[in-house]
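Below: input-v8.txt (compact mmCIF, C-alpha atoms and all ligand atoms)
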# COMPACT_ATOMS: atom_id res chain seq x y z
CA MET A 211 -48.90 21.34 75.90
CA SER A 212 -49.39 24.60 74.17
CA ALA A 213 -51.94 25.30 71.53
CA GLU A 214 -49.22 24.92 68.97
CA GLY A 215 -48.49 21.51 70.36
CA SER A 216 -52.09 20.47 70.36
CA LYS A 217 -52.72 21.34 66.80
CA ALA A 218 -50.03 18.94 65.79
CA GLY A 219 -50.33 15.29 66.51
CA GLY A 220 -50.05 13.93 63.04
CA GLY A 221 -52.99 12.14 61.61
CA HIS A 222 -54.84 11.82 64.88
CA GLY A 223 -58.03 13.62 65.54
CA HIS A 224 -57.14 16.98 66.89
CA LEU A 225 -58.53 20.36 67.47
CA PRO A 226 -59.73 22.14 64.43
CA HIS A 227 -57.40 24.91 63.63
CA PRO A 228 -59.36 28.00 62.76
CA ASP A 229 -56.48 30.30 62.06
CA THR A 230 -54.90 28.72 59.07
CA GLY A 231 -57.17 30.47 56.64
CA PRO A 232 -55.95 32.95 54.13
CA VAL A 233 -53.68 35.61 55.45
CA PRO A 234 -55.20 39.04 55.13
CA VAL A 235 -53.82 41.27 52.46
CA PRO A 236 -50.83 43.14 53.86
CA GLU A 237 -51.48 46.64 54.96
CA VAL A 238 -48.94 48.94 53.50
CA ALA A 239 -47.34 51.13 56.07
CA VAL A 240 -46.03 54.58 55.33
CA PRO A 241 -42.87 56.61 56.19
CA PRO A 242 -41.08 58.32 58.33
CA ALA A 243 -39.84 57.83 61.93
CA ALA A 244 -36.80 55.75 62.53
CA GLU A 245 -35.90 52.20 63.17
CA ALA A 246 -32.58 53.49 64.34
CA GLU A 247 -32.54 51.32 67.37
CA ALA A 248 -32.75 48.22 65.27
CA PRO A 249 -30.67 45.93 67.40
CA ASP A 250 -27.35 44.87 66.01
CA THR A 251 -26.99 41.94 68.30
CA VAL A 252 -26.79 38.52 66.85
CA TRP A 253 -29.17 36.86 69.20
CA LEU A 254 -31.48 39.17 71.01
CA GLY A 255 -31.42 36.73 73.88
CA LEU A 256 -34.91 35.86 74.74
CA ASP A 257 -34.07 36.87 78.26
CA SER A 258 -34.42 40.44 77.24
CA ALA A 259 -37.82 39.66 75.91
CA GLY A 260 -39.79 38.85 78.92
CA ALA A 261 -39.00 39.75 82.47
CA GLY A 262 -41.85 38.27 84.45
CA ARG A 263 -42.98 36.14 81.60
CA GLU A 264 -41.73 32.76 80.63
CA ARG A 265 -38.27 33.35 79.41
CA PHE A 266 -37.66 30.46 77.17
CA LEU A 267 -38.91 28.84 74.08
CA ARG A 268 -39.69 25.23 74.08
CA PRO A 269 -38.42 24.28 70.69
CA PHE A 270 -40.82 21.45 70.26
CA ALA A 271 -43.86 23.38 71.34
CA VAL A 272 -44.40 24.40 67.80
CA ASP A 273 -43.19 21.54 65.72
CA ALA A 274 -44.49 18.53 67.51
CA GLY A 275 -45.89 16.35 64.82
CA ASP A 276 -47.63 17.57 61.74
CA PRO A 277 -44.97 16.83 59.19
CA ASP A 278 -47.43 17.91 56.54
CA ALA A 279 -47.28 21.46 57.75
CA VAL A 280 -43.53 21.35 57.64
CA ARG A 281 -43.49 19.92 54.20
CA SER A 282 -45.94 22.41 52.78
CA HIS A 283 -43.96 25.33 54.08
CA GLY A 284 -40.73 23.86 52.95
CA THR A 285 -41.66 23.08 49.41
CA ALA A 286 -44.51 25.24 48.30
CA ARG A 287 -43.36 28.26 46.47
CA GLY A 288 -45.14 31.49 47.05
CA ARG A 289 -47.12 29.95 49.85
CA GLY A 290 -47.46 31.86 53.05
CA ILE A 291 -45.54 34.88 54.14
CA ASP A 292 -42.36 35.66 52.26
CA LEU A 293 -39.04 35.16 54.05
CA LEU A 294 -38.43 38.85 53.55
CA GLY A 295 -41.95 40.01 54.34
CA HIS A 296 -42.09 42.48 57.22
CA VAL A 297 -44.27 42.00 60.27
CA VAL A 298 -44.87 44.32 63.19
CA ALA A 299 -46.63 43.80 66.51
CA ALA A 300 -50.00 45.43 66.95
CA ARG A 301 -50.02 44.84 70.68
CA THR A 302 -47.83 43.79 73.58
CA PRO A 303 -47.81 40.20 74.85
CA GLY A 304 -50.56 39.39 77.28
CA ARG A 305 -52.32 36.53 79.00
CA ARG A 306 -52.83 34.75 75.73
CA GLU A 307 -49.11 34.30 75.42
CA ARG A 308 -48.65 32.97 78.94
CA LEU A 309 -48.66 29.38 77.78
CA ARG A 310 -47.28 30.14 74.38
CA PRO A 311 -43.97 31.81 75.06
CA GLU A 312 -42.94 31.56 71.43
CA ARG A 313 -45.77 33.91 70.60
CA GLY A 314 -44.76 36.26 73.37
CA ALA A 315 -41.21 36.30 72.04
CA ILE A 316 -42.43 37.01 68.54
CA LEU A 317 -44.47 39.96 69.78
CA GLU A 318 -41.50 41.32 71.69
CA HIS A 319 -39.14 41.02 68.78
CA ALA A 320 -41.62 42.49 66.35
CA ARG A 321 -42.09 45.73 68.27
CA HIS A 322 -40.34 47.23 65.31
CA ALA A 323 -40.97 45.81 61.90
CA ARG A 324 -38.94 42.71 61.18
CA THR A 325 -38.58 40.42 58.26
CA LEU A 326 -39.91 36.94 58.85
CA VAL A 327 -36.47 35.43 58.53
CA GLU A 328 -34.91 37.84 61.04
CA LEU A 329 -37.73 37.16 63.43
CA ALA A 330 -37.06 33.43 63.14
CA ALA A 331 -33.37 33.93 63.84
CA GLU A 332 -34.14 36.10 66.85
CA VAL A 333 -36.61 33.73 68.45
CA ARG A 334 -34.47 30.79 67.42
CA LEU A 335 -37.10 28.73 65.79
CA PRO A 336 -37.14 27.22 62.33
CA VAL A 337 -38.40 29.76 59.88
CA GLY A 338 -41.17 27.48 58.62
CA GLN A 339 -42.61 27.25 62.11
CA VAL A 340 -42.38 30.96 62.66
CA ARG A 341 -44.10 31.50 59.35
CA GLU A 342 -47.00 29.40 60.50
CA ILE A 343 -47.31 31.06 63.89
CA VAL A 344 -47.01 34.50 62.35
CA ALA A 345 -49.79 33.70 59.90
CA ASP A 346 -52.01 32.73 62.83
CA MET A 347 -51.11 35.85 64.72
CA VAL A 348 -51.79 38.06 61.74
CA GLY A 349 -55.15 36.34 61.48
CA GLU A 350 -56.01 37.19 65.05
CA GLY A 351 -54.74 40.75 64.80
CA ALA A 352 -51.69 40.47 67.05
CA LEU A 353 -49.30 41.11 64.18
CA GLN A 354 -49.57 43.09 61.03
CA LEU A 355 -47.90 42.46 57.71
CA CYS A 356 -46.37 45.51 56.12
CA GLY A 357 -45.35 46.13 52.56
CA PRO A 358 -42.54 48.51 51.64
CA SER A 359 -43.29 52.16 52.34
CA ARG A 360 -41.93 53.13 49.00
CA PRO A 361 -42.20 50.36 46.46
CA LEU A 362 -39.55 50.70 43.79
CA ALA A 363 -39.16 49.45 40.25
CA HIS A 364 -36.79 46.54 39.81
CA GLN A 365 -34.40 48.51 37.65
CA ASP A 366 -34.22 51.34 40.18
CA ILE A 367 -33.50 48.84 42.92
CA LEU A 368 -30.64 47.36 40.93
CA HIS A 369 -29.10 50.76 40.31
CA ALA A 370 -29.41 51.74 43.95
CA VAL A 371 -27.94 48.42 45.10
CA LEU A 372 -25.00 48.89 42.78
CA VAL A 373 -24.32 52.35 44.16
CA GLY A 374 -24.70 51.07 47.72
CA LEU A 375 -22.35 48.14 47.17
CA LYS A 376 -19.72 50.30 45.54
CA SER A 377 -19.68 52.56 48.56
CA LEU A 378 -19.29 49.73 51.04
CA MET B 64 -59.19 40.69 69.31
CA ALA B 65 -56.60 41.39 71.90
CA SER B 66 -57.34 39.86 75.25
CA ALA B 67 -58.08 42.14 78.13
CA ASP B 68 -54.66 42.07 79.74
CA SER B 69 -52.58 42.76 76.71
CA GLU B 70 -52.25 46.29 75.62
CA THR B 71 -52.96 47.40 72.21
CA ARG B 72 -50.20 49.87 72.65
CA PRO B 73 -51.43 53.42 72.55
CA GLY B 74 -51.25 54.31 68.93
CA ALA B 75 -49.58 51.00 68.20
CA ARG B 76 -51.15 50.67 64.83
CA GLU B 77 -50.41 54.23 63.94
CA ALA B 78 -46.84 53.88 65.14
CA ALA B 79 -46.47 50.70 63.17
CA GLN B 80 -47.72 52.40 60.11
CA GLN B 81 -45.38 55.32 60.51
CA GLU B 82 -42.39 53.12 60.73
CA PRO B 83 -40.67 53.21 57.36
CA ILE B 84 -40.60 49.76 55.86
CA PRO B 85 -37.75 49.24 53.45
CA GLN B 86 -37.94 47.13 50.37
CA ALA B 87 -36.08 43.93 51.24
CA VAL B 88 -34.16 42.33 48.39
CA LYS B 89 -31.83 39.37 48.31
CA ILE B 90 -28.80 37.80 46.75
CA ILE B 91 -28.15 34.09 47.09
CA VAL B 92 -24.68 32.82 47.92
CA ALA B 93 -24.46 29.19 46.91
CA GLY B 94 -21.68 26.67 46.81
CA GLY B 95 -20.57 23.33 48.09
CA PHE B 96 -20.02 22.33 51.67
CA GLY B 97 -17.36 24.50 53.28
CA ALA B 98 -16.86 26.64 50.18
CA GLY B 99 -16.89 29.86 52.18
CA LYS B 100 -20.52 30.93 51.95
CA THR B 101 -20.89 31.99 55.56
CA THR B 102 -17.52 33.67 55.44
CA LEU B 103 -18.53 35.72 52.41
CA VAL B 104 -21.82 36.74 53.99
CA GLY B 105 -20.02 37.74 57.18
CA SER B 106 -17.39 39.73 55.31
CA VAL B 107 -19.88 42.17 53.84
CA SER B 108 -22.78 42.04 56.27
CA GLU B 109 -23.39 44.94 58.65
CA ILE B 110 -24.46 42.46 61.31
CA ALA B 111 -22.80 39.24 62.35
CA PRO B 112 -24.47 36.61 60.16
CA LEU B 113 -27.75 35.43 61.57
CA SER B 114 -28.94 31.94 61.26
CA THR B 115 -32.22 30.14 61.20
CA GLU B 116 -33.13 26.76 59.99
CA GLU B 117 -35.72 25.12 57.88
CA LEU B 118 -37.12 21.74 58.67
CA MET B 119 -37.26 19.19 55.98
CA THR B 120 -39.40 16.16 56.49
CA GLU B 121 -37.95 13.13 54.82
CA ALA B 122 -40.22 12.03 52.03
CA SER B 123 -40.28 8.56 53.48
CA CYS B 124 -41.57 9.77 56.78
CA GLY B 125 -45.09 8.59 57.33
CA VAL B 126 -47.26 9.97 60.05
CA ASP B 127 -47.22 7.32 62.69
CA ASP B 128 -47.59 6.77 66.35
CA THR B 129 -44.05 7.53 67.28
CA GLY B 130 -45.39 9.65 70.09
CA GLY B 131 -42.13 11.39 70.72
CA VAL B 132 -41.11 14.34 68.65
CA GLU B 133 -37.53 13.11 68.64
CA ASP B 134 -38.55 10.24 66.45
CA LYS B 135 -39.64 12.42 63.62
CA THR B 136 -37.37 12.09 60.65
CA THR B 137 -36.83 15.70 59.93
CA THR B 138 -33.57 17.19 58.87
CA THR B 139 -32.71 20.75 59.52
CA VAL B 140 -31.08 22.90 56.95
CA ALA B 141 -29.16 25.89 58.17
CA LEU B 142 -29.87 29.18 56.52
CA ASP B 143 -27.28 31.88 57.16
CA PHE B 144 -27.96 35.41 56.25
CA GLY B 145 -26.51 38.85 56.52
CA ARG B 146 -27.78 42.32 55.83
CA ILE B 147 -26.57 45.43 54.05
CA THR B 148 -28.60 48.61 54.34
CA ILE B 149 -28.30 50.14 50.90
CA ASN B 150 -30.27 53.27 51.71
CA PRO B 151 -33.35 54.07 53.80
CA ASP B 152 -35.57 52.45 51.20
CA ILE B 153 -33.64 49.30 50.38
CA VAL B 154 -32.13 46.60 52.52
CA LEU B 155 -30.16 43.85 50.86
CA TYR B 156 -30.09 40.39 52.41
CA LEU B 157 -27.46 37.83 51.53
CA PHE B 158 -28.44 34.22 51.98
CA GLY B 159 -25.84 31.51 52.23
CA THR B 160 -27.32 28.18 51.42
CA PRO B 161 -26.03 24.63 51.12
CA GLY B 162 -25.46 23.35 47.63
CA GLN B 163 -26.54 19.77 48.00
CA ASP B 164 -29.40 18.87 45.73
CA ARG B 165 -31.41 17.46 48.60
CA PHE B 166 -31.94 21.04 49.66
CA TRP B 167 -33.48 22.14 46.40
CA PHE B 168 -36.80 22.74 48.05
CA MET B 169 -35.26 25.65 49.82
CA TRP B 170 -33.53 26.99 46.76
CA ASP B 171 -36.86 27.33 45.04
CA GLU B 172 -38.11 29.74 47.59
CA LEU B 173 -34.80 31.51 48.02
CA SER B 174 -34.24 32.11 44.35
CA ALA B 175 -37.73 33.42 43.75
CA GLY B 176 -37.37 37.16 43.38
CA ALA B 177 -33.63 37.15 44.07
CA LEU B 178 -31.64 39.87 42.34
CA GLY B 179 -29.03 37.29 41.46
CA ALA B 180 -26.70 34.68 42.86
CA VAL B 181 -23.05 34.15 43.63
CA VAL B 182 -21.77 30.64 43.06
CA LEU B 183 -18.72 30.04 45.19
CA ALA B 184 -16.42 27.60 43.48
CA ASP B 185 -14.03 25.85 45.80
CA THR B 186 -10.78 25.10 43.98
CA ARG B 187 -10.28 21.97 46.05
CA ARG B 188 -13.50 20.50 44.75
CA LEU B 189 -14.74 22.40 41.74
CA ASP B 190 -17.45 19.86 41.08
CA THR B 191 -19.30 20.72 44.27
CA CYS B 192 -20.78 23.78 42.64
CA PHE B 193 -22.09 22.02 39.51
CA HIS B 194 -25.52 21.71 41.04
CA ALA B 195 -25.69 25.38 41.84
CA VAL B 196 -24.62 26.39 38.34
CA ASP B 197 -27.21 24.06 36.82
CA PHE B 198 -29.92 25.32 39.08
CA PHE B 199 -29.42 29.00 38.39
CA GLU B 200 -29.02 28.43 34.67
CA ARG B 201 -32.23 26.48 34.52
CA ARG B 202 -34.08 29.00 36.62
CA GLY B 203 -32.75 31.95 34.66
CA VAL B 204 -31.34 33.49 37.82
CA PRO B 205 -28.37 35.64 36.80
CA PHE B 206 -25.21 34.61 38.58
CA VAL B 207 -21.47 35.09 38.74
CA VAL B 208 -18.90 32.51 39.76
CA ALA B 209 -16.47 33.52 42.48
CA VAL B 210 -13.49 31.22 42.68
CA ASN B 211 -12.44 30.87 46.28
CA ARG B 212 -8.79 29.99 46.31
CA PHE B 213 -7.92 27.85 49.24
CA ASP B 214 -4.37 27.52 50.38
CA GLY B 215 -2.68 24.50 48.98
CA ALA B 216 -5.32 23.96 46.34
CA GLU B 217 -4.44 23.91 42.70
CA ASP B 218 -4.31 27.29 41.05
CA TYR B 219 -6.80 27.58 38.28
CA ARG B 220 -7.04 30.24 35.66
CA VAL B 221 -10.42 31.74 34.86
CA GLU B 222 -10.56 29.97 31.50
CA GLU B 223 -9.90 26.65 33.15
CA VAL B 224 -12.70 27.19 35.63
CA ARG B 225 -15.02 28.23 32.83
CA GLU B 226 -14.23 25.09 30.94
CA ALA B 227 -14.52 22.87 33.99
CA LEU B 228 -17.89 24.31 34.96
CA ASP B 229 -19.03 24.69 31.39
CA VAL B 230 -20.47 28.13 31.88
CA SER B 231 -20.93 30.44 28.93
CA GLU B 232 -18.74 33.42 28.13
CA GLY B 233 -21.50 35.71 29.31
CA VAL B 234 -21.18 34.58 32.91
CA PRO B 235 -18.50 36.50 34.83
CA ILE B 236 -15.96 34.40 36.69
CA LEU B 237 -13.66 36.08 39.14
CA MET B 238 -11.06 35.08 41.65
CA ALA B 239 -12.02 35.91 45.20
CA ASP B 240 -11.19 35.50 48.83
CA ALA B 241 -14.31 35.22 50.93
CA ARG B 242 -12.39 36.39 54.00
CA VAL B 243 -11.58 39.73 52.46
CA ARG B 244 -14.29 42.34 52.48
CA THR B 245 -13.08 44.25 49.43
CA SER B 246 -12.92 41.01 47.48
CA CYS B 247 -16.51 40.15 48.42
CA LYS B 248 -17.62 43.63 47.59
CA GLU B 249 -16.03 43.29 44.18
CA VAL B 250 -17.91 40.03 43.61
CA LEU B 251 -21.24 41.62 44.51
CA VAL B 252 -20.59 44.68 42.36
CA GLU B 253 -19.72 42.37 39.49
CA LEU B 254 -22.93 40.45 40.04
CA ILE B 255 -25.20 43.50 39.98
CA THR B 256 -23.35 44.94 36.99
CA HIS B 257 -23.91 41.62 35.26
CA VAL B 258 -27.59 41.60 36.20
CA LEU B 259 -28.04 45.10 34.83
CA ARG B 260 -26.28 44.05 31.64
CA VAL B 261 -28.37 40.94 31.02
CA ARG B 262 -31.59 42.64 32.01
CA SER B 263 -30.94 45.71 29.94
CA PRO B 264 -33.36 46.07 27.04
CA ALA B 265 -30.55 47.71 25.07
CA LEU B 266 -28.95 44.30 24.70
CA SER B 267 -31.75 42.85 22.70
CA GLY B 268 -31.77 45.71 20.22
N1 LIG C 401 -8.08 30.15 52.14
C1 LIG C 401 -9.36 30.50 52.21
N2 LIG C 401 -10.12 30.00 53.22
C2 LIG C 401 -11.42 30.35 53.28
C3 LIG C 401 -11.99 31.22 52.32
N3 LIG C 401 -13.31 31.38 52.61
C4 LIG C 401 -13.55 30.64 53.70
N4 LIG C 401 -12.43 30.02 54.12
C5 LIG C 401 -12.35 29.12 55.27
O1 LIG C 401 -13.04 27.94 54.96
C6 LIG C 401 -13.76 27.44 56.08
C7 LIG C 401 -15.23 27.24 55.74
O2 LIG C 401 -15.83 28.48 55.46
P1 LIG C 401 -17.39 28.73 55.67
O3 LIG C 401 -17.63 30.15 55.34
O4 LIG C 401 -17.85 28.23 56.97
O5 LIG C 401 -17.99 27.81 54.53
P2 LIG C 401 -19.51 27.50 54.22
O6 LIG C 401 -19.64 27.43 52.75
O7 LIG C 401 -20.41 28.44 54.92
O8 LIG C 401 -19.66 26.06 54.85
P3 LIG C 401 -20.99 25.20 55.11
O9 LIG C 401 -22.05 26.16 55.54
O10 LIG C 401 -20.59 24.26 56.18
O11 LIG C 401 -21.29 24.53 53.83
C8 LIG C 401 -13.53 28.47 57.19
O12 LIG C 401 -12.53 27.97 58.02
C9 LIG C 401 -13.06 29.70 56.46
O13 LIG C 401 -12.18 30.46 57.25
C10 LIG C 401 -11.14 31.75 51.29
O14 LIG C 401 -11.56 32.53 50.43
N5 LIG C 401 -9.84 31.36 51.28
MG MG C 402 -22.02 28.05 56.23
Give the structure from the file, written as C-alpha cells.
Ligand SMILES: Nc1nc2c(ncn2[C@@H]2O[C@H](COP(=O)(O)OP(=O)(O)OP(=O)(O)O)[C@@H](O)[C@H]2O)c(=O)[nH]1
Ligand SMILES: [Mg+2]
Amino acid sequence: MSAEGSKAGGGHGHLPHPDTGPVPVPEVAVPPAAEAEAPDTVWLGLDSAGAGRERFLRPFAVDAGDPDAVRSHGTARGRGIDLLGHVVAARTPGRRERLRPERGAILEHARHARTLVELAAEVRLPVGQVREIVADMVGEGALQLCGPSRPLAHQDILHAVLVGLKSL
Amino acid sequence: MASADSETRPGAREAAQQEPIPQAVKIIVAGGFGAGKTTLVGSVSEIAPLSTEELMTEASCGVDDTGGVEDKTTTTVALDFGRITINPDIVLYLFGTPGQDRFWFMWDELSAGALGAVVLADTRRLDTCFHAVDFFERRGVPFVVAVNRFDGAEDYRVEEVREALDVSEGVPILMADARVRTSCKEVLVELITHVLRVRSPALSG
C-alpha cells in the first residue's frame, strides 16, 4: 500500500495527512529557453519514464477510498490547481518515489513545465487524483507551480488567438 | 526537502524558471453523445487528442466497509483535449466534453475562464445539445452553434436550427463538418470573432 493508498480508507481512522494544506502561491517563472522538445506523442509511455524504477502505475494506488476527496475536486470550482495551471519538477525522482511510482512518473513528465491536465493524460490517472498528488508534491517542494511568463490582457489574448486560428 | 538520493537537479529551479511558460487558454467543445466533439478537437489539434478522466462519486455513495476499491460507485467521465500553439506566449486548449447534465460538475470548472464554447448540434438528434445551449446561456459563456451534418440525416437550414434550439439572433450558427480541418477552423474563427463582438465595449455605446 502506498502512502496515497493509506491516506484513503474512507471514514476509518487513518494517518493524518499533513500535505493537504494550502498550496503555496505560484512562483512566476520567466522567459526564454525553449520547450522545443515538448513531446508530441500521445502517451508518453510510462516505460520511458523510469528505467530501473517501477515502470507502472497502479491505478488504484491513488484513488482507493476517500470519495470525499474525489467529490471535492470534482465539484468545487476554483478549488485546487487549475486544469491549465503549469507545474514543473524541482528535482528528479528518488527514494521517496520508490513505493509511489505515480509520483515518480509525475516528476519525470514534469521535467518541462506541463499543464495539470496534460500531466494527468501522460501518467494516465484521473485528473482529480493528479491534482491532489501534485498539490502534495508542491507542498513538499518536489514540484513548482508556474504562472505565465508574460501575462496578457484578455482582449489581447482574444486578438492573438483570432490571428493564430486564421493562420491554421 | 528532497531526500538524499534524489537530485535537486543542478540549477533545476533556475532552469525551471527560465523555461517560458505560456498563457494557457481554452475553448469548450460541447454537444450530445457522438456529436463529433472528439473529431472536431482532433481536426484542429497539433497533437493527437489526449484524454484523461475525472471521477465522479455517485451522490448516493456512502462511505462504507466495501473494502475493495472496485465496489466504489464512481463513474468516470472522459475528458478529451487538444492543443493549438497560437504563438510563444499563448497555447489554446480545446476540451471536448459530454453534454449530459449529470456531468455538469465538470462543466462548471471547464467553463470557468473559457474564451468561449462551440456547441455541436447533431442533425440526427438536435435536442441533445439543448442542455449545452442552456448552460452556456445561463453562465454567460459566449458560444456558437456548429451544425454537424451527418449523412442521411435531415438537412436543416440555419433558421430552422435557430428556431429548434431557440437561440437568439446574436448567436452565430454555422454548418460544419467536424472531420474537415478548414471547417473546424472556420467554426473557431467565428467563435472568437463573436466573442470579440459581444465583449467589445463599442457595442454598448
Ligand atoms: N458525417 C459526419 N460524421 C461525423 C462528423 N463528425 C464526426 N463524425 C463521426 O461521428 C462519429 C462520432 O464522432 P466523435 O468525434 O467520436 O463524437 P463525440 O462527440 O466525441 O462522441 P462521444 O465522446 O462519445 O460523446 C465518428 O465515427 C465520426 O467519424 C461530421 O461532421 N459528419
Ligand atoms: Mg468523444
Find the distance between atom CA of Phe199 of chain B and atom CA of Thr148 of chain B and write it in Å to one decimal.
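Interatomic distance here is 25.3 Å.
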Compute the set of protein, DNA and RNA residues whose minimum atom distance to ligand LIG 401 (chain C) is at most 6 Å, using only C-alpha atoms and all ligand atoms, and state it as a VMD selection string.
chain B and resid 95 to 102 161 211 to 214 240 to 242
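Ranking B:Leu103, B:Val234, B:Val243, B:Leu254 by their shortest atom-to-atom distance to chain A, with only C-alpha atoms included, puts B:Leu254 first.
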Atom CA of Thr325 of chain A and atom CA of Val337 of chain A, how far apart in Å?
10.8 Å
Å distance separating atom CA of Ala209 of chain B from atom CA of Val230 of chain B, one decimal place
12.5 Å
Minimum-distance residue to ligand MG 402 (chain C), chosen among B:Gln86, B:Gln81, B:Thr115, B:Ser246 (using only C-alpha atoms and all ligand atoms):
B:Thr115
Taking (-15.5, 25.9, 46.1) in the file's coordinates, which residues come within 7 Å, counting only C-alpha atoms, written as JSON, numbers by chain?
{"B": [94, 95, 98, 183, 184, 185, 186, 187, 188, 189, 191, 192, 210, 211]}
So which one's closest to ligand MG 402 (chain C), B:Glu222, B:Glu117, B:Glu82, B:Asp143? Using all atoms listed in the file, please.
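Comparing B:Glu222, B:Glu117, B:Glu82, B:Asp143 against ligand MG 402 (chain C), the winner is B:Asp143.
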In terms of the shortest atom-to-atom distance over all atoms listed in the file, which of B:Ile84, B:Ala93, B:Ala141, B:Leu157 is closest to Ala111 of chain B?
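Ranked by minimum distance to Ala111 of chain B, first place goes to B:Leu157.
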Could I get segment 334-349 of chain A rebuilt with N, CA, C and O atoms, written as an mmCIF file, keeping the file's coordinate frame?
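Output below, filename result_10.cif:
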data_model
loop_
_atom_site.group_PDB
_atom_site.id
_atom_site.type_symbol
_atom_site.label_atom_id
_atom_site.label_comp_id
_atom_site.auth_asym_id
_atom_site.auth_seq_id
_atom_site.Cartn_x
_atom_site.Cartn_y
_atom_site.Cartn_z
ATOM 1 N N ARG A 334 -35.144 32.090 67.520
ATOM 2 C CA ARG A 334 -34.470 30.790 67.420
ATOM 3 C C ARG A 334 -35.408 29.638 67.180
ATOM 4 O O ARG A 334 -35.374 28.621 67.882
ATOM 5 N N LEU A 335 -36.235 29.825 66.214
ATOM 6 C CA LEU A 335 -37.100 28.730 65.790
ATOM 7 C C LEU A 335 -36.962 28.598 64.278
ATOM 8 O O LEU A 335 -36.638 29.570 63.601
ATOM 9 N N PRO A 336 -37.219 27.394 63.778
ATOM 10 C CA PRO A 336 -37.140 27.220 62.330
ATOM 11 C C PRO A 336 -38.093 28.177 61.622
ATOM 12 O O PRO A 336 -39.208 28.418 62.082
ATOM 13 N N VAL A 337 -37.640 28.712 60.530
ATOM 14 C CA VAL A 337 -38.400 29.760 59.880
ATOM 15 C C VAL A 337 -39.776 29.281 59.401
ATOM 16 O O VAL A 337 -40.745 30.041 59.417
ATOM 17 N N GLY A 338 -39.874 28.010 59.047
ATOM 18 C CA GLY A 338 -41.170 27.480 58.620
ATOM 19 C C GLY A 338 -42.188 27.503 59.755
ATOM 20 O O GLY A 338 -43.373 27.777 59.553
ATOM 21 N N GLN A 339 -41.719 27.225 60.950
ATOM 22 C CA GLN A 339 -42.610 27.250 62.110
ATOM 23 C C GLN A 339 -43.023 28.671 62.443
ATOM 24 O O GLN A 339 -44.179 28.941 62.760
ATOM 25 N N VAL A 340 -42.072 29.569 62.355
ATOM 26 C CA VAL A 340 -42.380 30.960 62.660
ATOM 27 C C VAL A 340 -43.368 31.506 61.631
ATOM 28 O O VAL A 340 -44.307 32.228 61.958
ATOM 29 N N ARG A 341 -43.182 31.071 60.402
ATOM 30 C CA ARG A 341 -44.100 31.500 59.350
ATOM 31 C C ARG A 341 -45.531 31.105 59.692
ATOM 32 O O ARG A 341 -46.477 31.878 59.542
ATOM 33 N N GLU A 342 -45.673 29.899 60.178
ATOM 34 C CA GLU A 342 -47.000 29.400 60.500
ATOM 35 C C GLU A 342 -47.611 30.159 61.690
ATOM 36 O O GLU A 342 -48.776 30.561 61.661
ATOM 37 N N ILE A 343 -46.806 30.353 62.709
ATOM 38 C CA ILE A 343 -47.310 31.060 63.890
ATOM 39 C C ILE A 343 -47.657 32.504 63.525
ATOM 40 O O ILE A 343 -48.687 33.038 63.936
ATOM 41 N N VAL A 344 -46.780 33.114 62.744
ATOM 42 C CA VAL A 344 -47.010 34.500 62.350
ATOM 43 C C VAL A 344 -48.317 34.615 61.562
ATOM 44 O O VAL A 344 -49.107 35.532 61.776
ATOM 45 N N ALA A 345 -48.549 33.660 60.679
ATOM 46 C CA ALA A 345 -49.790 33.700 59.900
ATOM 47 C C ALA A 345 -50.995 33.649 60.838
ATOM 48 O O ALA A 345 -51.961 34.399 60.670
ATOM 49 N N ASP A 346 -50.930 32.798 61.847
ATOM 50 C CA ASP A 346 -52.010 32.730 62.830
ATOM 51 C C ASP A 346 -52.182 34.062 63.545
ATOM 52 O O ASP A 346 -53.291 34.546 63.756
ATOM 53 N N MET A 347 -51.060 34.617 63.936
ATOM 54 C CA MET A 347 -51.110 35.850 64.720
ATOM 55 C C MET A 347 -51.583 37.039 63.893
ATOM 56 O O MET A 347 -52.231 37.950 64.418
ATOM 57 N N VAL A 348 -51.268 37.009 62.624
ATOM 58 C CA VAL A 348 -51.790 38.060 61.740
ATOM 59 C C VAL A 348 -53.303 37.888 61.657
ATOM 60 O O VAL A 348 -54.063 38.852 61.740
ATOM 61 N N GLY A 349 -53.732 36.630 61.563
ATOM 62 C CA GLY A 349 -55.150 36.340 61.480
ATOM 63 C C GLY A 349 -55.928 36.833 62.687
ATOM 64 O O GLY A 349 -57.058 37.298 62.573
#
